[in-house]
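S.K.: To be precise about what I am sending: the file is called upload.txt and holds compact mmCIF, C-alpha atoms.
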```
# COMPACT_ATOMS: atom_id res chain seq x y z
CA MET A 1 -48.10 40.34 -16.77
CA PRO A 2 -48.81 38.69 -13.39
CA ALA A 3 -45.83 38.35 -11.08
CA ALA A 4 -45.93 34.55 -11.28
CA ARG A 5 -45.35 34.69 -15.05
CA LEU A 6 -42.29 36.88 -14.59
CA ILE A 7 -40.43 34.34 -12.47
CA ARG A 8 -39.32 32.03 -15.27
CA PRO A 9 -38.08 34.61 -17.79
CA ALA A 10 -36.30 36.53 -15.04
CA TYR A 11 -34.58 33.36 -13.78
CA SER A 12 -33.62 32.39 -17.34
CA ALA A 13 -32.19 35.84 -18.06
CA LEU A 14 -30.18 35.75 -14.85
CA GLY A 15 -28.74 32.34 -15.76
CA ILE A 16 -27.64 33.57 -19.19
CA ALA A 17 -26.06 36.68 -17.67
CA ILE A 18 -23.98 34.78 -15.13
CA THR A 19 -22.81 31.96 -17.45
CA PRO A 20 -19.27 33.43 -17.84
CA ALA A 21 -19.00 33.69 -14.05
CA LEU A 22 -20.20 30.09 -13.71
CA SER A 23 -17.44 28.95 -16.05
CA LEU A 24 -14.80 30.68 -13.93
CA TRP A 25 -16.35 29.25 -10.76
CA LEU A 26 -16.20 25.71 -12.14
CA LYS A 27 -12.56 26.16 -13.17
CA ARG A 28 -11.71 27.35 -9.66
CA ARG A 29 -13.51 24.33 -8.16
CA SER A 30 -11.50 22.07 -10.49
CA THR A 31 -8.24 23.37 -9.05
CA ARG A 32 -9.49 22.43 -5.57
CA GLY A 33 -10.51 18.92 -6.63
CA LYS A 34 -14.23 19.67 -6.40
CA GLU A 35 -14.86 19.30 -10.14
CA ASP A 36 -13.59 16.83 -12.73
CA ALA A 37 -11.85 19.13 -15.21
CA SER A 38 -11.95 16.47 -17.95
CA ARG A 39 -15.75 16.39 -17.71
CA ARG A 40 -16.53 20.06 -17.23
CA HIS A 41 -18.35 20.10 -20.58
CA GLU A 42 -21.10 18.01 -18.96
CA ARG A 43 -21.84 20.90 -16.61
CA PHE A 44 -22.91 22.93 -19.64
CA GLY A 45 -25.08 20.18 -21.11
CA PHE A 46 -22.60 18.81 -23.64
CA ALA A 47 -22.46 15.01 -23.76
CA HIS A 48 -19.77 12.87 -25.42
CA THR A 49 -21.73 9.67 -24.80
CA PRO A 50 -24.56 8.78 -27.21
CA ARG A 51 -28.06 8.26 -25.90
CA PRO A 52 -28.83 4.53 -25.75
CA ALA A 53 -31.82 3.22 -27.69
CA GLY A 54 -35.04 2.39 -25.90
CA THR A 55 -36.38 3.55 -22.56
CA LEU A 56 -34.06 5.81 -20.57
CA VAL A 57 -34.85 6.49 -16.91
CA TRP A 58 -33.13 9.56 -15.51
CA LEU A 59 -32.28 9.62 -11.79
CA HIS A 60 -30.89 12.78 -10.18
CA ALA A 61 -29.15 12.61 -6.80
CA ALA A 62 -27.22 15.59 -5.48
CA SER A 63 -24.30 13.92 -3.71
CA VAL A 64 -23.03 10.78 -2.00
CA GLY A 65 -25.76 10.45 0.63
CA GLU A 66 -28.60 10.71 -1.85
CA THR A 67 -26.87 8.36 -4.28
CA GLN A 68 -26.18 5.77 -1.59
CA SER A 69 -29.82 5.86 -0.49
CA VAL A 70 -31.17 4.86 -3.93
CA LEU A 71 -28.70 2.13 -4.92
CA THR A 72 -31.05 -0.60 -3.70
CA LEU A 73 -33.85 0.90 -5.81
CA VAL A 74 -31.52 1.24 -8.80
CA ARG A 75 -30.45 -2.40 -8.68
CA ALA A 76 -34.05 -3.57 -8.32
CA LEU A 77 -35.06 -1.44 -11.29
CA LEU A 78 -32.29 -2.78 -13.52
CA THR A 79 -33.15 -6.36 -12.53
CA ALA A 80 -36.89 -5.92 -13.11
CA HIS A 81 -36.42 -4.28 -16.53
CA PRO A 82 -33.49 -5.77 -18.49
CA GLY A 83 -34.39 -3.64 -21.51
CA ILE A 84 -34.03 -0.20 -19.96
CA HIS A 85 -31.04 2.10 -19.43
CA LEU A 86 -30.38 4.48 -16.55
CA LEU A 87 -28.92 7.96 -16.63
CA ILE A 88 -27.68 9.04 -13.18
CA THR A 89 -26.77 12.67 -12.62
CA THR A 90 -24.98 13.99 -9.55
CA GLY A 91 -23.16 17.18 -8.66
CA THR A 92 -19.99 16.06 -6.87
CA VAL A 93 -16.85 14.14 -7.75
CA THR A 94 -17.33 11.86 -4.73
CA SER A 95 -20.81 10.83 -5.89
CA ALA A 96 -19.48 10.25 -9.41
CA ALA A 97 -16.82 7.97 -7.93
CA LEU A 98 -19.46 6.12 -5.93
CA VAL A 99 -21.52 5.43 -9.07
CA ALA A 100 -18.40 4.25 -10.92
CA GLN A 101 -17.56 1.84 -8.09
CA GLN A 102 -20.92 0.08 -8.44
CA ASN A 103 -20.26 -1.27 -11.95
CA LEU A 104 -23.95 -0.97 -12.71
CA PRO A 105 -25.04 -2.47 -16.05
CA ARG A 106 -26.75 -0.26 -18.64
CA THR A 107 -26.05 2.84 -16.56
CA ILE A 108 -24.50 6.16 -17.61
CA HIS A 109 -23.30 8.81 -15.18
CA GLN A 110 -23.24 12.50 -16.06
CA PHE A 111 -22.62 15.58 -13.98
CA VAL A 112 -25.81 17.57 -13.61
CA PRO A 113 -25.76 20.67 -15.84
CA VAL A 114 -25.62 24.13 -14.33
CA ASP A 115 -29.15 25.47 -14.08
CA THR A 116 -29.10 27.83 -17.04
CA TYR A 117 -31.51 27.84 -19.95
CA PHE A 118 -29.11 26.71 -22.69
CA ALA A 119 -27.20 24.16 -20.61
CA VAL A 120 -30.44 22.48 -19.60
CA ARG A 121 -31.84 22.62 -23.13
CA ARG A 122 -28.71 20.89 -24.46
CA PHE A 123 -28.85 18.27 -21.70
CA LEU A 124 -32.52 17.37 -22.20
CA GLY A 125 -32.25 17.64 -25.98
CA HIS A 126 -29.47 15.07 -26.07
CA TRP A 127 -30.70 12.57 -23.49
CA GLN A 128 -34.47 12.81 -24.00
CA PRO A 129 -35.29 10.70 -20.92
CA ASP A 130 -38.63 8.92 -20.76
CA MET A 131 -39.11 9.57 -17.03
CA ALA A 132 -37.21 10.97 -14.09
CA LEU A 133 -36.69 10.33 -10.40
CA TRP A 134 -35.38 13.20 -8.27
CA VAL A 135 -33.96 12.32 -4.88
CA GLU A 136 -34.68 14.34 -1.72
CA SER A 137 -34.90 18.12 -2.11
CA GLU A 138 -32.48 19.58 -4.62
CA PHE A 139 -34.81 21.70 -6.75
CA TRP A 140 -33.17 23.16 -9.87
CA PRO A 141 -35.84 25.43 -11.41
CA GLN A 142 -34.61 25.41 -15.01
CA LEU A 143 -34.26 21.63 -15.09
CA LEU A 144 -37.70 21.11 -13.59
CA TRP A 145 -39.47 23.69 -15.72
CA GLN A 146 -38.01 22.47 -19.00
CA ALA A 147 -38.63 18.82 -18.13
CA GLN A 148 -42.22 19.68 -17.24
CA ALA A 149 -42.63 21.56 -20.52
CA GLN A 150 -41.60 18.35 -22.31
CA GLN A 151 -44.28 16.48 -20.32
CA LEU A 152 -41.65 14.28 -18.73
CA PRO A 153 -43.17 12.14 -15.94
CA MET A 154 -41.21 12.90 -12.77
CA LEU A 155 -41.27 11.43 -9.28
CA LEU A 156 -39.76 13.13 -6.24
CA VAL A 157 -38.50 10.29 -4.04
CA ASN A 158 -37.29 10.36 -0.45
CA ALA A 159 -38.44 13.97 -0.41
CA ARG A 160 -37.51 15.87 2.71
CA ILE A 161 -37.68 19.46 3.77
CA SER A 162 -36.47 20.82 7.08
CA GLN A 163 -38.36 23.40 9.08
CA SER A 164 -35.79 26.09 8.23
CA THR A 165 -35.96 25.29 4.51
CA PHE A 166 -39.74 25.25 4.69
CA GLU A 167 -39.72 28.72 6.22
CA ARG A 168 -37.38 30.02 3.51
CA TRP A 169 -39.57 28.66 0.75
CA GLN A 170 -42.62 30.32 2.31
CA ARG A 171 -41.10 33.62 1.20
CA TRP A 172 -41.26 32.39 -2.41
CA PRO A 173 -44.65 30.64 -2.59
CA ARG A 174 -45.17 30.93 -6.35
CA MET A 175 -41.68 29.65 -7.13
CA ILE A 176 -41.87 26.55 -4.91
CA ARG A 177 -45.42 25.77 -6.02
CA SER A 178 -44.33 25.80 -9.66
CA LEU A 179 -41.41 23.46 -8.85
CA LEU A 180 -43.48 20.98 -6.87
CA HIS A 181 -46.12 20.89 -9.60
CA ALA A 182 -43.47 19.43 -11.93
CA PHE A 183 -43.76 16.11 -10.06
CA CYS A 184 -46.62 13.72 -10.74
CA SER A 185 -46.02 12.00 -7.37
CA ILE A 186 -44.03 12.83 -4.26
CA TYR A 187 -42.75 10.14 -1.89
CA VAL A 188 -41.69 11.38 1.54
CA GLY A 189 -39.84 9.75 4.41
CA SER A 190 -41.88 11.22 7.27
CA SER A 191 -45.26 12.75 8.08
CA ASP A 192 -43.56 16.09 8.90
CA ASP A 193 -42.11 16.24 5.40
CA ALA A 194 -45.52 15.42 3.95
CA THR A 195 -47.19 18.23 5.91
CA ARG A 196 -44.61 20.83 4.91
CA LEU A 197 -44.57 19.90 1.23
CA ALA A 198 -48.37 19.94 1.09
CA ALA A 199 -48.39 23.39 2.68
CA LEU A 200 -46.00 24.59 -0.02
CA GLY A 201 -48.28 23.35 -2.79
CA GLY A 202 -47.19 19.77 -3.37
CA SER A 203 -49.81 17.19 -4.32
CA ASN A 204 -50.15 13.42 -4.64
CA ILE A 205 -47.89 12.99 -1.61
CA HIS A 206 -47.23 9.52 -0.16
CA ASP A 207 -45.53 8.77 3.16
CA VAL A 208 -43.69 5.50 2.43
CA GLY A 209 -40.74 5.75 4.81
CA ASN A 210 -37.16 6.80 4.28
CA LEU A 211 -35.10 5.20 1.49
CA LYS A 212 -32.00 5.59 3.64
CA TYR A 213 -33.19 2.62 5.70
CA ASP A 214 -33.01 0.52 2.51
CA ALA A 215 -29.51 1.68 1.57
CA GLU A 216 -26.82 -0.91 1.02
CA PRO A 217 -24.00 -1.33 3.57
CA LEU A 218 -20.90 0.71 2.85
CA PRO A 219 -18.21 -1.20 0.92
CA ILE A 220 -15.33 -2.74 2.86
CA ASP A 221 -12.00 -3.85 1.38
CA ALA A 222 -11.16 -7.00 3.35
CA ASP A 223 -7.38 -6.70 2.86
CA ARG A 224 -7.29 -3.09 4.04
CA LEU A 225 -9.43 -3.96 7.03
CA GLN A 226 -7.03 -6.73 8.02
CA GLN A 227 -4.08 -4.34 7.70
CA LEU A 228 -5.78 -1.84 9.98
CA ARG A 229 -6.68 -4.50 12.53
CA SER A 230 -3.03 -5.58 12.64
CA MET A 231 -1.92 -1.99 13.29
CA VAL A 232 -4.43 -1.36 16.11
CA SER A 233 -4.30 -4.79 17.74
CA GLY A 234 -5.22 -4.65 21.43
CA ARG A 235 -6.16 -0.95 21.49
CA ARG A 236 -9.53 0.60 22.36
CA ILE A 237 -10.85 2.61 19.42
CA PHE A 238 -13.24 5.53 19.14
CA LEU A 239 -14.40 6.73 15.72
CA ALA A 240 -15.54 10.25 14.85
CA ALA A 241 -17.26 9.97 11.45
CA SER A 242 -17.95 12.71 8.89
CA THR A 243 -16.62 15.57 10.97
CA HIS A 244 -16.83 19.24 9.99
CA ALA A 245 -14.70 22.35 10.42
CA ASN A 246 -13.99 23.31 14.05
CA GLU A 247 -15.23 19.91 15.20
CA GLU A 248 -11.92 18.07 14.99
CA GLN A 249 -10.39 20.33 17.65
CA LEU A 250 -13.28 19.57 20.00
CA LEU A 251 -12.89 15.85 19.39
CA ALA A 252 -9.15 16.02 20.02
CA GLN A 253 -9.90 17.57 23.41
CA THR A 254 -12.40 14.78 24.01
CA HIS A 255 -9.69 12.24 23.22
CA ARG A 256 -7.38 13.88 25.76
CA HIS A 257 -10.07 13.61 28.45
CA VAL A 258 -10.88 9.95 27.75
CA ALA A 259 -7.20 9.00 27.42
CA HIS A 260 -6.64 9.80 31.11
CA ALA A 261 -8.60 6.61 31.85
CA PHE A 262 -7.61 4.73 28.67
CA PRO A 263 -4.03 5.78 27.77
CA ALA A 264 -3.90 3.41 24.79
CA LEU A 265 -7.06 4.88 23.24
CA LEU A 266 -6.88 5.50 19.50
CA THR A 267 -9.28 8.12 18.12
CA ILE A 268 -9.98 7.85 14.40
CA ILE A 269 -11.23 11.01 12.71
CA VAL A 270 -12.85 10.76 9.27
CA PRO A 271 -13.53 14.29 7.97
CA ARG A 272 -16.60 14.77 5.82
CA HIS A 273 -14.43 16.53 3.24
CA ALA A 274 -11.11 14.73 2.76
CA ALA A 275 -9.55 17.78 1.09
CA ARG A 276 -9.35 19.42 4.53
CA GLY A 277 -6.96 16.71 5.72
CA ASP A 278 -3.69 18.68 5.60
CA THR A 279 -5.23 21.64 7.44
CA ILE A 280 -6.70 19.39 10.13
CA ALA A 281 -3.41 17.51 10.56
CA ALA A 282 -1.42 20.72 10.94
CA ASP A 283 -3.85 22.13 13.51
CA LEU A 284 -3.90 18.99 15.66
CA ARG A 285 -0.14 18.51 15.54
CA ALA A 286 0.27 22.12 16.62
CA GLN A 287 -1.78 21.23 19.70
CA GLY A 288 0.74 18.53 20.58
CA PHE A 289 -1.08 15.42 19.38
CA THR A 290 0.74 12.49 17.82
CA LEU A 291 -1.13 11.97 14.58
CA ALA A 292 -0.93 9.63 11.59
CA GLN A 293 -2.49 10.74 8.29
CA ARG A 294 -3.96 8.08 6.04
CA SER A 295 -3.71 10.09 2.82
CA LYS A 296 0.06 10.26 3.43
CA HIS A 297 0.23 6.49 4.07
CA GLU A 298 1.49 7.06 7.62
CA ALA A 299 1.31 3.95 9.80
CA ILE A 300 -0.47 3.72 13.13
CA THR A 301 2.13 3.06 15.82
CA ALA A 302 1.88 2.40 19.55
CA THR A 303 2.28 6.14 20.22
CA THR A 304 -0.32 7.35 17.69
CA GLN A 305 -3.13 9.16 19.48
CA LEU A 306 -5.16 10.35 16.50
CA TYR A 307 -5.55 8.69 13.11
CA LEU A 308 -6.79 11.08 10.44
CA ALA A 309 -8.54 9.02 7.75
CA ASP A 310 -8.63 11.76 5.11
CA THR A 311 -9.45 9.53 2.14
CA MET A 312 -12.64 9.03 0.18
CA GLY A 313 -14.85 5.96 0.08
CA GLU A 314 -13.35 4.16 3.07
CA LEU A 315 -15.77 5.00 5.87
CA GLY A 316 -17.11 1.43 5.87
CA LEU A 317 -13.65 0.22 6.90
CA PHE A 318 -13.67 2.31 10.04
CA TYR A 319 -17.23 1.42 11.02
CA ALA A 320 -16.07 -2.22 10.87
CA LEU A 321 -12.96 -1.45 12.93
CA THR A 322 -14.71 0.00 15.98
CA ASP A 323 -17.91 -0.34 17.99
CA ILE A 324 -18.31 3.23 19.30
CA VAL A 325 -19.05 5.97 16.78
CA PHE A 326 -19.68 9.69 17.06
CA MET A 327 -21.61 11.20 14.13
CA GLY A 328 -20.00 14.44 13.00
CA GLY A 329 -21.61 17.71 12.07
CA SER A 330 -23.52 17.64 15.33
CA LEU A 331 -21.21 19.32 17.85
CA VAL A 332 -21.15 22.29 15.48
CA ALA A 333 -24.28 23.79 13.95
CA HIS A 334 -24.13 21.87 10.68
CA GLY A 335 -27.14 19.65 11.33
CA GLY A 336 -25.59 16.21 11.64
CA GLN A 337 -24.81 13.33 9.27
CA ASN A 338 -26.65 10.12 8.44
CA PRO A 339 -26.36 7.71 11.42
CA LEU A 340 -27.90 4.71 9.65
CA GLU A 341 -24.64 3.55 8.06
CA ALA A 342 -23.12 3.23 11.54
CA ALA A 343 -26.28 1.49 12.77
CA ARG A 344 -26.02 -1.16 10.04
CA ALA A 345 -22.42 -1.82 11.10
CA SER A 346 -23.52 -2.71 14.64
CA ASN A 347 -22.04 0.33 16.32
CA ALA A 348 -23.07 2.13 19.49
CA ILE A 349 -23.77 5.65 18.22
CA LEU A 350 -23.29 9.02 19.88
CA THR A 351 -24.25 12.41 18.49
CA GLY A 352 -24.18 16.04 19.44
CA PRO A 353 -27.27 18.25 19.73
CA HIS A 354 -27.33 19.62 16.15
CA THR A 355 -29.14 16.91 14.16
CA HIS A 356 -31.86 18.76 12.24
CA ASN A 357 -30.69 17.40 8.85
CA PHE A 358 -31.91 13.96 9.95
CA ALA A 359 -34.64 14.96 12.39
CA ALA A 360 -37.09 12.14 11.62
CA ILE A 361 -34.41 9.43 11.65
CA MET A 362 -32.97 10.81 14.87
CA ALA A 363 -36.39 10.90 16.53
CA GLN A 364 -36.92 7.24 15.69
CA LEU A 365 -33.48 6.20 16.94
CA VAL A 366 -33.96 8.16 20.17
CA ALA A 367 -37.42 6.64 20.71
CA ASN A 368 -35.94 3.16 20.27
CA GLN A 369 -33.03 3.88 22.64
CA ALA A 370 -30.71 3.30 19.71
CA ILE A 371 -28.58 6.43 19.95
CA ARG A 372 -27.31 8.72 22.67
CA VAL A 373 -27.44 12.51 22.30
CA VAL A 374 -24.88 14.59 24.21
CA PRO A 375 -24.96 18.40 24.55
CA ASP A 376 -21.23 19.20 24.32
CA LYS A 377 -17.68 17.82 24.13
CA ASP A 378 -17.40 17.24 27.88
CA SER A 379 -20.59 15.20 27.91
CA LEU A 380 -19.31 13.32 24.87
CA ALA A 381 -16.18 12.35 26.77
CA GLU A 382 -18.27 11.07 29.68
CA ALA A 383 -20.49 9.08 27.29
CA ILE A 384 -17.46 7.47 25.63
CA LEU A 385 -16.03 6.51 29.01
CA ALA A 386 -19.36 4.99 30.03
CA LEU A 387 -19.55 2.87 26.86
CA LEU A 388 -15.91 1.79 27.05
CA THR A 389 -16.48 0.48 30.57
CA ASN A 390 -19.96 -1.01 30.07
CA GLU A 391 -20.04 -3.67 27.37
CA PRO A 392 -23.72 -4.70 27.91
CA GLU A 393 -24.85 -1.09 27.48
CA ARG A 394 -22.72 -0.73 24.36
CA GLU A 395 -24.16 -3.91 22.86
CA THR A 396 -27.74 -2.92 23.70
CA LEU A 397 -27.34 0.45 22.01
CA ALA A 398 -25.90 -1.19 18.88
CA ARG A 399 -28.55 -3.92 18.81
CA ASN A 400 -31.37 -1.38 19.09
CA ALA A 401 -29.88 0.60 16.21
CA GLN A 402 -29.74 -2.47 13.98
CA LYS A 403 -33.35 -3.37 14.85
CA THR A 404 -34.52 0.14 14.02
CA VAL A 405 -32.99 -0.10 10.55
CA ALA A 406 -34.46 -3.55 9.89
CA GLN A 407 -37.95 -2.57 11.03
CA SER A 408 -38.05 0.60 8.93
CA GLN A 409 -37.18 -0.79 5.51
CA GLY A 410 -39.54 -1.10 2.56
CA ALA A 411 -39.75 2.31 0.84
CA SER A 412 -37.84 1.02 -2.20
CA ARG A 413 -40.48 -1.63 -2.92
CA VAL A 414 -43.33 0.90 -2.90
CA ILE A 415 -41.51 3.35 -5.17
CA LEU A 416 -40.44 0.57 -7.53
CA GLN A 417 -44.10 -0.31 -8.09
CA GLN A 418 -44.83 3.23 -9.27
CA VAL A 419 -41.77 3.28 -11.53
CA ASN A 420 -42.81 -0.10 -12.96
CA ALA A 421 -46.21 1.36 -13.84
CA LEU A 422 -44.62 4.35 -15.61
CA ILE A 423 -42.29 2.08 -17.57
CA ALA A 424 -45.22 -0.13 -18.57
CA ARG A 425 -47.07 2.92 -19.87
CA SER A 426 -44.01 3.93 -21.89
CA GLY A 427 -44.20 0.60 -23.72
CA SER A 428 -41.00 -1.05 -22.40
```
Show me the file's structure as structure tokens.
M.R.:
Amino acid sequence: MPAARLIRPAYSALGIAITPALSLWLKRRSTRGKEDASRRHERFGFAHTPRPAGTLVWLHAASVGETQSVLTLVRALLTAHPGIHLLITTGTVTSAALVAQQNLPRTIHQFVPVDTYFAVRRFLGHWQPDMALWVESEFWPQLLWQAQAQQLPMLLVNARISQSTFERWQRWPRMIRSLLHAFCSIYVGSSDDATRLAALGGSNIHDVGNLKYDAEPLPIDADRLQQLRSMVSGRRIFLAASTHANEEQLLAQTHRHVAHAFPALLTIIVPRHAARGDTIAADLRAQGFTLAQRSKHEAITATTQLYLADTMGELGLFYALTDIVFMGGSLVAHGGQNPLEAARASNAILTGPHTHNFAAIMAQLVANQAIRVVPDKDSLAEAILALLTNEPERETLARNAQKTVAQSQGASRVILQQVNALIARSGS
């Protein structure tokens, strides 16, 4: 039997063998708040919600960022086709919460099943979707292979693949080719993504721009925003958004540097993973910082230096509260976080050097003088000082960021046309 034909049975056998370990892993994640224990059955393909009648469009988005990027497309799809239903699958509790917050009509959320043969067979057997949209680059082999075997039309939207991921997949050419062949069309956000996916065996690839430019603004609770504004009245504010491990300590040192010139400075830190809040708070207090922790409902006072916003779903509040933002995950070698949400909120944006997760977006922002890249924490402190003391420069940076977002929108409309055609062919 050729090696290519051995891949699928070997992968299926491995999945069956490790199913007991997967169950223990999911239980452990539940104790840490990373899984919804009441819905763990969904992870093994069991559904307690009946399949709705008529056309069912399945959309899979890994986490919050991917989900946020397709909400505009989702709303347009529901409006254009009042007779269809949507099934949205994600893999994290935060993305599940985001879907629930939208109150989308005719929409069901399920956690994506673990990628084992029987879990996937149960999932597809129950839901029997008429078509599927996969967002970005989370390739689950069992899901894709079984969906392809059922001749399910699938689109890969906002597809992206970094250079490092591309190089890893080159070691498994038959595997990635078989996965990409499951999609009837691939829509990418940049020419680099198109080139890499074509080299890996993808076909029918269209460069339509990045869906993240079309994403809706983050939600803002007006009452909470007013409360925060009352607490910080008259103070200069710097926001560090979506920070990662070991980054908070660097940012605290940055605060100390900037506070020599601006003693009343308040630095707000929003960790990417709110569950790390207690650990971060303990570390920063041990370094002598006066800190208030949002998850503990601690108020910001005149002596508060650092405000740790370790809650979920509130980042929009803090973008609205400040006008200078540092994008986390970039002073450490994580690869950065999405800067477009800050751009929409009219912020002057700073980032560290590690931004490969959003390389194409970053290149466009840099070319448009809409973001400033700094090499380290000391340079970050100098950049913050420069923006705090130069309002015209701060406003120009923010204005250029907003323009970049506005000029780059439109991917949702192109993809919607293709989805409309598939729905028409299904008879709905």
S.K.: For a quick check of understanding, using all atoms listed in the file, which of A:Ile220, A:Val232, A:Ala264, A:Val405 has the smallest distance to Ala320 of chain A?
M.R.: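 For Ala320 of chain A, the nearest of the given residues is A:Ile220.
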S.K.: From the set A:Leu73, A:Ala360, A:Ala159, A:Ile84, which residue has the shortest atom-to-atom contact distance to Pro52 of chain A, counting all atoms listed in the file?
M.R.: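 Nearest candidate to Pro52 of chain A out of A:Leu73, A:Ala360, A:Ala159, A:Ile84: A:Ile84.
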S.K.: Leaving out Ala76 of chain A and any residue of its chain fewer than 4 positions from it, which residues lie within 10 Å of it when counting only C-alpha atoms, given as a VMD selection string?
M.R.: chain A and resid 70 to 72 80 to 81 412 to 413 416
S.K.: Would you compute the distance between atom CA of Ser137 of chain A and atom CA of Ala62 of chain A? Give it in Å to one decimal.
M.R.: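 Distance between the two atoms: 8.8 Å.
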S.K.: Give me, as an MDAnalysis selection string, all polymer residues having an atom no more than 8 Å from segment 282-299 of chain A, counting all atoms listed in the file and skipping those fewer than 3 positions away in the same chain.
M.R.: chainID A and resid 231 249 252 277:279 303:311
S.K.: Could you pull segment 232-250 of chain A out of the block above and save it with N, CA and C atoms, as a CSV table (one decimal), in the first residue's frame?
M.R.:
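Writing done, so here's selection_23.csv:
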```csv
chain,number,residue,atom,x,y,z
A,232,VAL,N,-10.6,57.4,36.7
A,232,VAL,CA,-9.3,57.8,36.1
A,232,VAL,C,-9.3,59.2,35.7
A,233,SER,N,-10.3,60.0,36.1
A,233,SER,CA,-10.4,61.4,35.7
A,233,SER,C,-9.1,62.1,35.9
A,234,GLY,N,-8.6,62.8,34.8
A,234,GLY,CA,-7.5,63.7,34.9
A,234,GLY,C,-6.1,63.0,34.7
A,235,ARG,N,-6.1,61.6,34.7
A,235,ARG,CA,-4.8,60.9,34.6
A,235,ARG,C,-4.5,60.5,33.2
A,236,ARG,N,-3.2,60.5,32.8
A,236,ARG,CA,-2.7,60.0,31.6
A,236,ARG,C,-2.7,58.4,31.6
A,237,ILE,N,-3.2,57.8,30.6
A,237,ILE,CA,-3.4,56.3,30.6
A,237,ILE,C,-2.6,55.7,29.4
A,238,PHE,N,-2.0,54.6,29.7
A,238,PHE,CA,-1.3,53.8,28.7
A,238,PHE,C,-1.9,52.3,28.9
A,239,LEU,N,-2.3,51.8,27.7
A,239,LEU,CA,-2.9,50.4,27.8
A,239,LEU,C,-2.0,49.4,27.1
A,240,ALA,N,-1.7,48.3,27.8
A,240,ALA,CA,-1.0,47.1,27.2
A,240,ALA,C,-2.1,46.0,27.0
A,241,ALA,N,-2.4,45.7,25.8
A,241,ALA,CA,-3.5,44.8,25.4
A,241,ALA,C,-3.0,43.5,25.1
A,242,SER,N,-3.7,42.4,25.6
A,242,SER,CA,-3.5,41.0,25.2
A,242,SER,C,-2.0,40.6,25.5
A,243,THR,N,-1.6,40.9,26.7
A,243,THR,CA,-0.2,40.5,27.0
A,243,THR,C,-0.1,39.0,27.4
A,244,HIS,N,1.2,38.6,27.3
A,244,HIS,CA,1.5,37.2,27.5
A,244,HIS,C,2.5,37.0,28.6
A,245,ALA,N,2.7,35.8,29.0
A,245,ALA,CA,3.6,35.5,30.1
A,245,ALA,C,5.0,36.1,29.9
A,246,ASN,N,5.5,36.6,31.0
A,246,ASN,CA,6.8,37.3,31.1
A,246,ASN,C,6.8,38.7,30.5
A,247,GLU,N,5.7,39.1,29.9
A,247,GLU,CA,5.6,40.4,29.3
A,247,GLU,C,5.1,41.5,30.3
A,248,GLU,N,4.3,41.1,31.2
A,248,GLU,CA,3.8,42.0,32.2
A,248,GLU,C,4.9,42.6,33.0
A,249,GLN,N,5.9,41.8,33.4
A,249,GLN,CA,7.0,42.3,34.1
A,249,GLN,C,7.8,43.4,33.3
A,250,LEU,N,8.0,43.2,32.1
A,250,LEU,CA,8.6,44.1,31.2
A,250,LEU,C,7.8,45.4,31.1
```
